[in-house]
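Containing mmCIF, C-alpha atoms, pLDDT in the B column; chains and numbers go by the auth columns: work07.cif.
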```cif
data_coords
#
loop_
_atom_site.group_PDB
_atom_site.id
_atom_site.type_symbol
_atom_site.label_atom_id
_atom_site.label_comp_id
_atom_site.label_asym_id
_atom_site.label_seq_id
_atom_site.Cartn_x
_atom_site.Cartn_y
_atom_site.Cartn_z
_atom_site.B_iso_or_equiv
_atom_site.auth_seq_id
_atom_site.auth_asym_id
ATOM 1 C CA MET A 1 16.359 -27.627 13.719 96.00 1 A
ATOM 2 C CA ARG A 2 13.455 -26.859 11.436 97.00 2 A
ATOM 3 C CA VAL A 3 11.939 -23.455 10.838 98.00 3 A
ATOM 4 C CA THR A 4 8.963 -22.271 8.821 98.00 4 A
ATOM 5 C CA VAL A 5 9.892 -19.638 6.239 98.00 5 A
ATOM 6 C CA ARG A 6 7.182 -17.191 5.148 98.00 6 A
ATOM 7 C CA LEU A 7 7.619 -15.161 1.969 98.00 7 A
ATOM 8 C CA PHE A 8 5.470 -12.371 0.617 98.00 8 A
ATOM 9 C CA ALA A 9 4.743 -10.410 -2.537 98.00 9 A
ATOM 10 C CA ARG A 10 7.524 -10.696 -5.137 98.00 10 A
ATOM 11 C CA LEU A 11 9.630 -12.992 -2.925 98.00 11 A
ATOM 12 C CA ARG A 12 6.720 -15.426 -2.853 98.00 12 A
ATOM 13 C CA ASP A 13 6.420 -15.242 -6.644 98.00 13 A
ATOM 14 C CA ILE A 14 10.156 -15.870 -7.123 98.00 14 A
ATOM 15 C CA ALA A 15 10.161 -18.842 -4.739 98.00 15 A
ATOM 16 C CA GLY A 16 6.879 -20.207 -6.070 98.00 16 A
ATOM 17 C CA SER A 17 5.543 -20.632 -2.532 98.00 17 A
ATOM 18 C CA GLY A 18 4.726 -18.420 0.432 98.00 18 A
ATOM 19 C CA GLU A 19 5.483 -20.980 3.095 98.00 19 A
ATOM 20 C CA MET A 20 8.192 -23.621 3.313 98.00 20 A
ATOM 21 C CA MET A 21 10.016 -25.681 5.909 98.00 21 A
ATOM 22 C CA ARG A 22 13.796 -25.371 6.001 97.00 22 A
ATOM 23 C CA GLU A 23 16.588 -26.911 8.050 96.00 23 A
ATOM 24 C CA ALA A 24 18.831 -24.519 9.959 95.00 24 A
ATOM 25 C CA PRO A 25 21.951 -25.435 11.952 94.00 25 A
ATOM 26 C CA ALA A 26 21.853 -25.042 15.739 92.00 26 A
ATOM 27 C CA GLY A 27 22.763 -21.497 16.728 92.00 27 A
ATOM 28 C CA ALA A 28 21.757 -20.052 13.357 96.00 28 A
ATOM 29 C CA ASN A 29 20.427 -16.506 13.222 98.00 29 A
ATOM 30 C CA VAL A 30 17.865 -14.974 10.892 98.00 30 A
ATOM 31 C CA GLY A 31 20.636 -13.772 8.582 98.00 31 A
ATOM 32 C CA ALA A 32 21.867 -17.335 8.084 97.00 32 A
ATOM 33 C CA VAL A 33 18.367 -18.450 7.094 98.00 33 A
ATOM 34 C CA TRP A 34 18.213 -15.561 4.613 98.00 34 A
ATOM 35 C CA SER A 35 21.651 -16.387 3.167 97.00 35 A
ATOM 36 C CA SER A 36 20.663 -19.970 2.469 97.00 36 A
ATOM 37 C CA LEU A 37 17.508 -18.708 0.741 98.00 37 A
ATOM 38 C CA VAL A 38 19.624 -16.388 -1.433 98.00 38 A
ATOM 39 C CA SER A 39 21.682 -19.429 -2.465 98.00 39 A
ATOM 40 C CA GLU A 40 18.492 -21.262 -3.295 98.00 40 A
ATOM 41 C CA PHE A 41 16.816 -18.306 -5.056 98.00 41 A
ATOM 42 C CA PRO A 42 19.572 -16.050 -6.506 98.00 42 A
ATOM 43 C CA GLU A 43 17.043 -13.320 -7.418 98.00 43 A
ATOM 44 C CA PHE A 44 16.603 -12.708 -3.676 98.00 44 A
ATOM 45 C CA SER A 45 20.036 -11.057 -3.645 98.00 45 A
ATOM 46 C CA ALA A 46 18.453 -7.899 -5.099 98.00 46 A
ATOM 47 C CA TYR A 47 16.705 -7.485 -1.712 98.00 47 A
ATOM 48 C CA GLU A 48 19.893 -7.644 0.374 94.00 48 A
ATOM 49 C CA LYS A 49 19.624 -3.966 1.388 95.00 49 A
ATOM 50 C CA SER A 50 15.844 -3.539 1.504 97.00 50 A
ATOM 51 C CA ILE A 51 14.570 -6.679 3.207 98.00 51 A
ATOM 52 C CA SER A 52 12.899 -6.704 6.634 98.00 52 A
ATOM 53 C CA CYS A 53 12.348 -9.759 8.783 98.00 53 A
ATOM 54 C CA ALA A 54 10.038 -11.011 11.490 98.00 54 A
ATOM 55 C CA VAL A 55 10.270 -13.918 13.909 98.00 55 A
ATOM 56 C CA ASN A 56 6.976 -15.407 15.053 98.00 56 A
ATOM 57 C CA ALA A 57 5.053 -12.417 13.659 97.00 57 A
ATOM 58 C CA ASP A 58 7.126 -9.799 15.428 97.00 58 A
ATOM 59 C CA TYR A 59 9.642 -7.530 13.693 97.00 59 A
ATOM 60 C CA SER A 60 13.182 -8.793 14.243 98.00 60 A
ATOM 61 C CA ARG A 61 16.772 -8.361 13.057 97.00 61 A
ATOM 62 C CA PHE A 62 19.139 -10.511 11.019 97.00 62 A
ATOM 63 C CA SER A 63 21.295 -10.884 14.126 98.00 63 A
ATOM 64 C CA ALA A 64 18.466 -12.509 16.131 98.00 64 A
ATOM 65 C CA ALA A 65 18.904 -16.178 17.004 97.00 65 A
ATOM 66 C CA VAL A 66 16.278 -18.582 15.710 97.00 66 A
ATOM 67 C CA ALA A 67 14.844 -21.551 17.584 97.00 67 A
ATOM 68 C CA ASP A 68 13.394 -24.840 16.425 97.00 68 A
ATOM 69 C CA GLY A 69 9.832 -24.328 15.190 98.00 69 A
ATOM 70 C CA ASP A 70 10.147 -20.562 14.671 98.00 70 A
ATOM 71 C CA GLU A 71 8.270 -18.846 11.871 98.00 71 A
ATOM 72 C CA ILE A 72 10.746 -16.615 10.026 98.00 72 A
ATOM 73 C CA ALA A 73 9.154 -14.089 7.661 98.00 73 A
ATOM 74 C CA PHE A 74 11.012 -12.074 5.034 98.00 74 A
ATOM 75 C CA LEU A 75 9.290 -8.866 4.014 98.00 75 A
ATOM 76 C CA PRO A 76 10.128 -6.925 0.858 98.00 76 A
ATOM 77 C CA PRO A 77 9.558 -3.148 1.016 98.00 77 A
ATOM 78 C CA VAL A 78 5.932 -2.558 1.936 98.00 78 A
ATOM 79 C CA SER A 79 3.307 -0.741 -0.130 98.00 79 A
ATOM 80 C CA GLY A 80 0.077 -0.623 1.844 97.00 80 A
ATOM 81 C CA GLY A 81 -2.356 2.249 1.923 97.00 81 A
ATOM 82 C CA MET B 1 -19.894 -21.774 23.983 39.00 1 B
ATOM 83 C CA LEU B 2 -19.808 -20.440 20.478 44.00 2 B
ATOM 84 C CA VAL B 3 -16.345 -20.761 18.992 44.00 3 B
ATOM 85 C CA ARG B 4 -15.446 -19.163 15.702 45.00 4 B
ATOM 86 C CA LEU B 5 -12.077 -19.296 14.049 47.00 5 B
ATOM 87 C CA LYS B 6 -12.544 -15.911 12.427 52.00 6 B
ATOM 88 C CA PRO B 7 -14.617 -12.993 13.665 53.00 7 B
ATOM 89 C CA ASP B 8 -17.565 -12.190 11.424 55.00 8 B
ATOM 90 C CA SER B 9 -17.609 -8.954 9.478 57.00 9 B
ATOM 91 C CA THR B 10 -19.702 -7.142 12.103 59.00 10 B
ATOM 92 C CA GLU B 11 -17.092 -7.852 14.765 62.00 11 B
ATOM 93 C CA ILE B 12 -14.277 -6.772 12.473 58.00 12 B
ATOM 94 C CA MET B 13 -15.997 -3.484 11.734 57.00 13 B
ATOM 95 C CA GLN B 14 -16.445 -2.809 15.464 68.00 14 B
ATOM 96 C CA ALA B 15 -12.711 -3.191 16.101 86.00 15 B
ATOM 97 C CA LEU B 16 -10.479 -0.129 16.139 93.00 16 B
ATOM 98 C CA THR B 17 -7.934 -1.862 13.932 95.00 17 B
ATOM 99 C CA ALA B 18 -8.649 -4.514 11.334 95.00 18 B
ATOM 100 C CA ILE B 19 -7.222 -6.290 8.317 97.00 19 B
ATOM 101 C CA THR B 20 -10.164 -7.626 6.340 96.00 20 B
ATOM 102 C CA THR B 21 -11.150 -8.924 2.920 97.00 21 B
ATOM 103 C CA ALA B 22 -14.607 -7.365 3.316 96.00 22 B
ATOM 104 C CA PRO B 23 -15.485 -3.994 1.745 97.00 23 B
ATOM 105 C CA LEU B 24 -14.682 -1.184 4.174 96.00 24 B
ATOM 106 C CA ASP B 25 -17.554 0.508 5.981 91.00 25 B
ATOM 107 C CA HIS B 26 -16.664 4.079 6.802 88.00 26 B
ATOM 108 C CA ASP B 27 -19.732 4.674 9.003 88.00 27 B
ATOM 109 C CA ALA B 28 -18.974 1.589 11.093 85.00 28 B
ATOM 110 C CA LEU B 29 -15.405 2.789 11.527 90.00 29 B
ATOM 111 C CA VAL B 30 -16.587 6.108 12.945 90.00 30 B
ATOM 112 C CA LYS B 31 -19.088 4.308 15.176 86.00 31 B
ATOM 113 C CA ALA B 32 -16.299 2.097 16.541 86.00 32 B
ATOM 114 C CA LEU B 33 -14.690 5.251 17.906 89.00 33 B
ATOM 115 C CA ASP B 34 -17.655 6.264 20.064 83.00 34 B
ATOM 116 C CA VAL B 35 -17.659 9.902 19.039 85.00 35 B
ATOM 117 C CA SER B 36 -20.543 11.039 21.230 85.00 36 B
ATOM 118 C CA GLY B 37 -19.755 14.415 22.751 88.00 37 B
ATOM 119 C CA ILE B 38 -16.450 14.800 20.938 92.00 38 B
ATOM 120 C CA GLY B 39 -15.728 17.831 18.768 92.00 39 B
ATOM 121 C CA ALA B 40 -14.230 16.547 15.544 95.00 40 B
ATOM 122 C CA VAL B 41 -13.745 13.465 13.391 96.00 41 B
ATOM 123 C CA ALA B 42 -11.329 13.475 10.466 96.00 42 B
ATOM 124 C CA THR B 43 -11.544 10.548 8.071 96.00 43 B
ATOM 125 C CA PHE B 44 -9.233 9.444 5.311 97.00 44 B
ATOM 126 C CA ILE B 45 -10.274 6.901 2.694 97.00 45 B
ATOM 127 C CA GLY B 46 -7.651 5.553 0.310 98.00 46 B
ATOM 128 C CA LEU B 47 -9.132 4.430 -3.023 98.00 47 B
ATOM 129 C CA VAL B 48 -7.784 2.306 -5.846 98.00 48 B
ATOM 130 C CA ARG B 49 -6.627 4.837 -8.444 96.00 49 B
ATOM 131 C CA ASP B 50 -7.126 4.235 -12.169 96.00 50 B
ATOM 132 C CA ASN B 51 -3.549 5.136 -13.090 95.00 51 B
ATOM 133 C CA ASN B 52 -0.016 4.899 -11.735 93.00 52 B
ATOM 134 C CA LEU B 53 3.241 6.187 -13.213 91.00 53 B
ATOM 135 C CA GLY B 54 1.562 6.854 -16.549 92.00 54 B
ATOM 136 C CA LYS B 55 -0.025 3.426 -16.847 94.00 55 B
ATOM 137 C CA ARG B 56 -3.733 2.615 -16.866 97.00 56 B
ATOM 138 C CA VAL B 57 -4.408 0.467 -13.793 97.00 57 B
ATOM 139 C CA LEU B 58 -6.979 -2.326 -14.212 98.00 58 B
ATOM 140 C CA HIS B 59 -7.219 -3.553 -10.610 98.00 59 B
ATOM 141 C CA LEU B 60 -5.092 -4.182 -7.508 98.00 60 B
ATOM 142 C CA GLU B 61 -4.549 -7.185 -5.296 98.00 61 B
ATOM 143 C CA TYR B 62 -3.385 -6.511 -1.739 98.00 62 B
ATOM 144 C CA GLU B 63 -1.523 -9.087 0.311 98.00 63 B
ATOM 145 C CA ALA B 64 -0.647 -8.882 4.016 98.00 64 B
ATOM 146 C CA TYR B 65 1.308 -10.731 6.655 98.00 65 B
ATOM 147 C CA GLU B 66 -1.856 -10.509 8.669 98.00 66 B
ATOM 148 C CA PRO B 67 -0.767 -10.970 12.313 98.00 67 B
ATOM 149 C CA LEU B 68 2.116 -8.528 11.923 98.00 68 B
ATOM 150 C CA ALA B 69 0.040 -6.093 9.876 98.00 69 B
ATOM 151 C CA LEU B 70 -2.533 -5.980 12.653 97.00 70 B
ATOM 152 C CA ARG B 71 0.241 -5.407 15.192 97.00 71 B
ATOM 153 C CA GLY B 72 1.522 -2.612 12.965 98.00 72 B
ATOM 154 C CA LEU B 73 -1.863 -0.899 12.954 98.00 73 B
ATOM 155 C CA ASP B 74 -2.073 -1.265 16.740 97.00 74 B
ATOM 156 C CA LEU B 75 1.415 0.235 17.052 97.00 75 B
ATOM 157 C CA ILE B 76 0.339 3.240 14.954 98.00 76 B
ATOM 158 C CA VAL B 77 -2.668 3.758 17.251 97.00 77 B
ATOM 159 C CA THR B 78 -0.314 3.650 20.240 96.00 78 B
ATOM 160 C CA GLU B 79 2.173 6.055 18.638 97.00 79 B
ATOM 161 C CA ALA B 80 -0.615 8.487 17.734 97.00 80 B
ATOM 162 C CA HIS B 81 -1.916 8.329 21.277 95.00 81 B
ATOM 163 C CA GLU B 82 1.554 9.215 22.604 96.00 82 B
ATOM 164 C CA ARG B 83 1.723 12.273 20.357 96.00 83 B
ATOM 165 C CA TRP B 84 -1.965 13.294 20.537 97.00 84 B
ATOM 166 C CA PRO B 85 -3.327 11.922 23.840 96.00 85 B
ATOM 167 C CA SER B 86 -6.831 13.258 23.215 94.00 86 B
ATOM 168 C CA VAL B 87 -7.193 11.555 19.807 95.00 87 B
ATOM 169 C CA ARG B 88 -8.990 8.257 19.317 94.00 88 B
ATOM 170 C CA LEU B 89 -7.912 6.503 16.136 96.00 89 B
ATOM 171 C CA ALA B 90 -9.429 3.649 14.126 96.00 90 B
ATOM 172 C CA ILE B 91 -7.785 2.057 11.076 97.00 91 B
ATOM 173 C CA HIS B 92 -9.175 -0.640 8.793 96.00 92 B
ATOM 174 C CA HIS B 93 -7.156 -1.957 5.847 98.00 93 B
ATOM 175 C CA ARG B 94 -8.693 -4.163 3.209 98.00 94 B
ATOM 176 C CA ILE B 95 -6.764 -6.948 1.439 98.00 95 B
ATOM 177 C CA GLY B 96 -7.512 -9.116 -1.594 98.00 96 B
ATOM 178 C CA ARG B 97 -8.654 -7.993 -5.018 98.00 97 B
ATOM 179 C CA MET B 98 -10.015 -4.468 -5.387 98.00 98 B
ATOM 180 C CA GLU B 99 -11.423 -2.702 -8.409 98.00 99 B
ATOM 181 C CA ILE B 100 -10.835 0.935 -9.383 98.00 100 B
ATOM 182 C CA GLY B 101 -12.568 3.273 -6.926 98.00 101 B
ATOM 183 C CA GLU B 102 -12.877 0.755 -4.103 98.00 102 B
ATOM 184 C CA ALA B 103 -11.577 1.713 -0.662 98.00 103 B
ATOM 185 C CA SER B 104 -8.356 -0.032 0.363 98.00 104 B
ATOM 186 C CA VAL B 105 -7.852 1.777 3.659 98.00 105 B
ATOM 187 C CA ALA B 106 -10.088 3.774 5.992 97.00 106 B
ATOM 188 C CA ILE B 107 -8.855 5.891 8.879 97.00 107 B
ATOM 189 C CA ALA B 108 -10.931 7.845 11.386 97.00 108 B
ATOM 190 C CA ALA B 109 -9.467 10.132 14.041 97.00 109 B
ATOM 191 C CA ALA B 110 -11.736 11.623 16.689 96.00 110 B
ATOM 192 C CA SER B 111 -10.576 14.509 18.827 96.00 111 B
ATOM 193 C CA PRO B 112 -11.961 17.454 20.791 96.00 112 B
ATOM 194 C CA HIS B 113 -10.312 19.749 18.219 94.00 113 B
ATOM 195 C CA ARG B 114 -9.910 19.523 14.454 95.00 114 B
ATOM 196 C CA ALA B 115 -6.166 20.148 14.230 96.00 115 B
ATOM 197 C CA ASP B 116 -5.276 17.007 16.175 96.00 116 B
ATOM 198 C CA ALA B 117 -7.845 14.941 14.266 96.00 117 B
ATOM 199 C CA PHE B 118 -6.386 15.978 10.897 97.00 118 B
ATOM 200 C CA ALA B 119 -2.808 15.485 12.086 98.00 119 B
ATOM 201 C CA ALA B 120 -3.385 12.040 13.602 98.00 120 B
ATOM 202 C CA SER B 121 -5.168 10.738 10.503 98.00 121 B
ATOM 203 C CA ARG B 122 -2.358 12.010 8.281 98.00 122 B
ATOM 204 C CA TYR B 123 0.222 10.463 10.600 98.00 123 B
ATOM 205 C CA ALA B 124 -1.607 7.128 10.414 98.00 124 B
ATOM 206 C CA ILE B 125 -1.564 6.896 6.614 98.00 125 B
ATOM 207 C CA GLU B 126 2.117 7.916 6.452 98.00 126 B
ATOM 208 C CA ARG B 127 3.041 5.260 9.030 98.00 127 B
ATOM 209 C CA ILE B 128 0.960 2.600 7.259 98.00 128 B
ATOM 210 C CA LYS B 129 3.074 3.195 4.174 98.00 129 B
ATOM 211 C CA GLN B 130 6.252 2.907 6.258 98.00 130 B
ATOM 212 C CA ILE B 131 5.805 -0.038 8.606 98.00 131 B
ATOM 213 C CA VAL B 132 2.719 -2.179 7.933 98.00 132 B
ATOM 214 C CA PRO B 133 3.507 -5.406 6.023 98.00 133 B
ATOM 215 C CA ILE B 134 0.964 -5.028 3.233 98.00 134 B
ATOM 216 C CA TRP B 135 1.829 -5.127 -0.460 98.00 135 B
ATOM 217 C CA LYS B 136 -0.059 -4.065 -3.564 98.00 136 B
ATOM 218 C CA HIS B 137 0.138 -6.091 -6.741 98.00 137 B
ATOM 219 C CA GLU B 138 -0.763 -3.773 -9.573 98.00 138 B
ATOM 220 C CA TYR B 139 -2.395 -5.123 -12.723 98.00 139 B
ATOM 221 C CA PHE B 140 -2.057 -2.545 -15.455 96.00 140 B
ATOM 222 C CA ASP B 141 -2.676 -2.364 -19.179 94.00 141 B
ATOM 223 C CA GLY B 142 0.084 -4.649 -20.481 93.00 142 B
ATOM 224 C CA GLY B 143 1.347 -6.387 -17.355 96.00 143 B
ATOM 225 C CA ASP B 144 1.544 -6.562 -13.592 97.00 144 B
ATOM 226 C CA VAL B 145 4.038 -5.527 -10.926 97.00 145 B
ATOM 227 C CA TRP B 146 4.497 -5.731 -7.165 98.00 146 B
ATOM 228 C CA ILE B 147 4.763 -2.218 -5.789 97.00 147 B
ATOM 229 C CA GLU B 148 7.679 -1.881 -3.353 98.00 148 B
ATOM 230 C CA GLY B 149 7.832 1.209 -1.175 97.00 149 B
ATOM 231 C CA ALA B 150 9.522 1.531 2.199 96.00 150 B
ATOM 232 C CA THR B 151 11.792 -0.920 4.003 97.00 151 B
ATOM 233 C CA ALA B 152 9.645 -1.698 7.042 96.00 152 B
ATOM 234 C CA ASP B 153 11.346 -0.881 10.342 96.00 153 B
ATOM 235 C CA PRO B 154 9.198 0.380 13.230 95.00 154 B
ATOM 236 C CA ASP B 155 12.378 1.283 15.164 95.00 155 B
ATOM 237 C CA ASN B 156 13.601 3.665 12.467 96.00 156 B
ATOM 238 C CA ALA B 157 13.290 6.947 14.376 97.00 157 B
ATOM 239 C CA GLU B 158 14.048 8.996 11.273 97.00 158 B
ATOM 240 C CA ALA B 159 11.060 7.544 9.432 97.00 159 B
ATOM 241 C CA ARG B 160 8.793 8.170 12.406 97.00 160 B
ATOM 242 C CA GLU B 161 10.033 11.764 12.654 97.00 161 B
ATOM 243 C CA LYS B 162 9.314 12.229 8.965 97.00 162 B
ATOM 244 C CA ALA B 163 5.733 10.985 9.428 97.00 163 B
ATOM 245 C CA LEU B 164 5.291 13.358 12.362 96.00 164 B
ATOM 246 C CA ARG B 165 6.665 16.274 10.317 97.00 165 B
ATOM 247 C CA ILE B 166 4.275 15.564 7.452 97.00 166 B
ATOM 248 C CA ALA B 167 1.358 15.176 9.871 96.00 167 B
ATOM 249 C CA CYS B 168 2.062 18.501 11.524 93.00 168 B
ATOM 250 C CA ALA B 169 2.921 20.480 8.393 88.00 169 B
#
```

Please express what this file holds, its structure, as structure tokens.
Amino acid sequence: MRVTVRLFARLRDIAGSGEMMREAPAGANVGAVWSSLVSEFPEFSAYEKSISCAVNADYSRFSAAVADGDEIAFLPPVSGG
Amino acid sequence: MLVRLKPDSTEIMQALTAITTAPLDHDALVKALDVSGIGAVATFIGLVRDNNLGKRVLHLEYEAYEPLALRGLDLIVTEAHERWPSVRLAIHHRIGRMEIGEASVAIAAASPHRADAFAASRYAIERIKQIVPIWKHEYFDGGDVWIEGATADPDNAEAREKALRIACA
């Protein structure tokens, strides 16, 4: 299946893009999508403990299953205000 | 039928919560609350500061995951309503490039009594810093850096308790 990955702030800078399509195996969860991104962009590993995620613009967990066409967002620690 | 992809700035400023690239209008924010007959309005305006951690800041660029950021602001309004049922809260956050002294966030809390208005506005800014997916990119004298604060998790009860404690201190 194919998912849309959204990246923000420093993650976007590291990856060179804020939006990308990626293949994920059937039954994959958000954590599996993240792990493959860490393989692709080793600097992401620094965010292992501080990253948040969202599926289709709703906060989610690494254990959540992903479906074909989902938008998976990875959010470094926030700094609004 | 008139169809617009994006609301114009007037519509944004009439909404209780907004993520916008337009300069923030504090008066419009208060008007959005309909404060007629109410006893108190507390407002908080966050401005771009000219220094951070000993460095001279030149300007900031804010980025948001807009749909989730808007949901985050709505969640904060809901949480504040649970804690202070008489308070009406409005929050507008600006994104994009901002110069020193410009307003990045504006909060207005209307309440029959001042204590709840102050507390709810303080709660709102603390929660924004905890759970709303917005990031500041700081351009300072000699470089630039993404500021990284809190790991965003709206279900983190400890963080919410901390915001409530600060608000009620």

Quick one: everything within 12 Å of B:Asp27, counting all atoms listed in the file, minus sequence neighbours fewer than 2 positions away in the same chain. Send it as JSON, numbers by chain. {"B": [13, 14, 24, 25, 29, 30, 31, 32, 33, 34, 35, 41, 43, 45, 90, 92, 106, 107, 108]}

Residues picked by the PyMOL selection byres ((chain A) within 7 of (chain B)) here, as a PyMOL selection string? chain A and resi 9-10+50-52+57-58+76-81

Using atom CA of A:Ile72 and atom CA of A:Asn56 as the two end points, give the distance in Å to one decimal.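 Computing the Euclidean distance for atom CA of A:Ile72 and atom CA of A:Asn56 yields 6.4 Å.
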
Matched chain/residue IDs from the PyMOL selection byres ((chain A and resi 7) around 7), as a list of chain:residue names: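 Taken over the shown coordinates, the PyMOL selection byres ((chain A and resi 7) around 7) returns A:Val5, A:Arg6, A:Phe8, A:Leu11, A:Arg12, A:Gly18, A:Glu19, A:Ala73, A:Phe74, A:Leu75.
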
Residues matched by the PyMOL selection byres ((chain B and resi 163) around 9), written as a PyMOL selection string: chain B and resi 122-127+130+158-162+164-168

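Remark: for B:Ile19, the closest of the candidate residues B:Arg97, B:Ala110, B:Leu60, B:Ile91 is B:Ile91 (distances computed over all atoms listed in the file).
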
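The coordinates place atom CA of A:Asp13 at 22.9 Å from atom CA of B:Arg56.
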
Gap from atom CA of A:Glu43 to atom CA of B:Glu61 - Å, one decimal: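 Between atom CA of A:Glu43 and atom CA of B:Glu61 the gap works out to 22.5 Å.
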
Env of stretch 76-88 of chain B: 6 Å cut, atoms = all atoms listed in the file, seq-sep filter 2 positions within chain, self excluded. Answer as a PyMOL selection string. chain B and resi 73-74+109-111
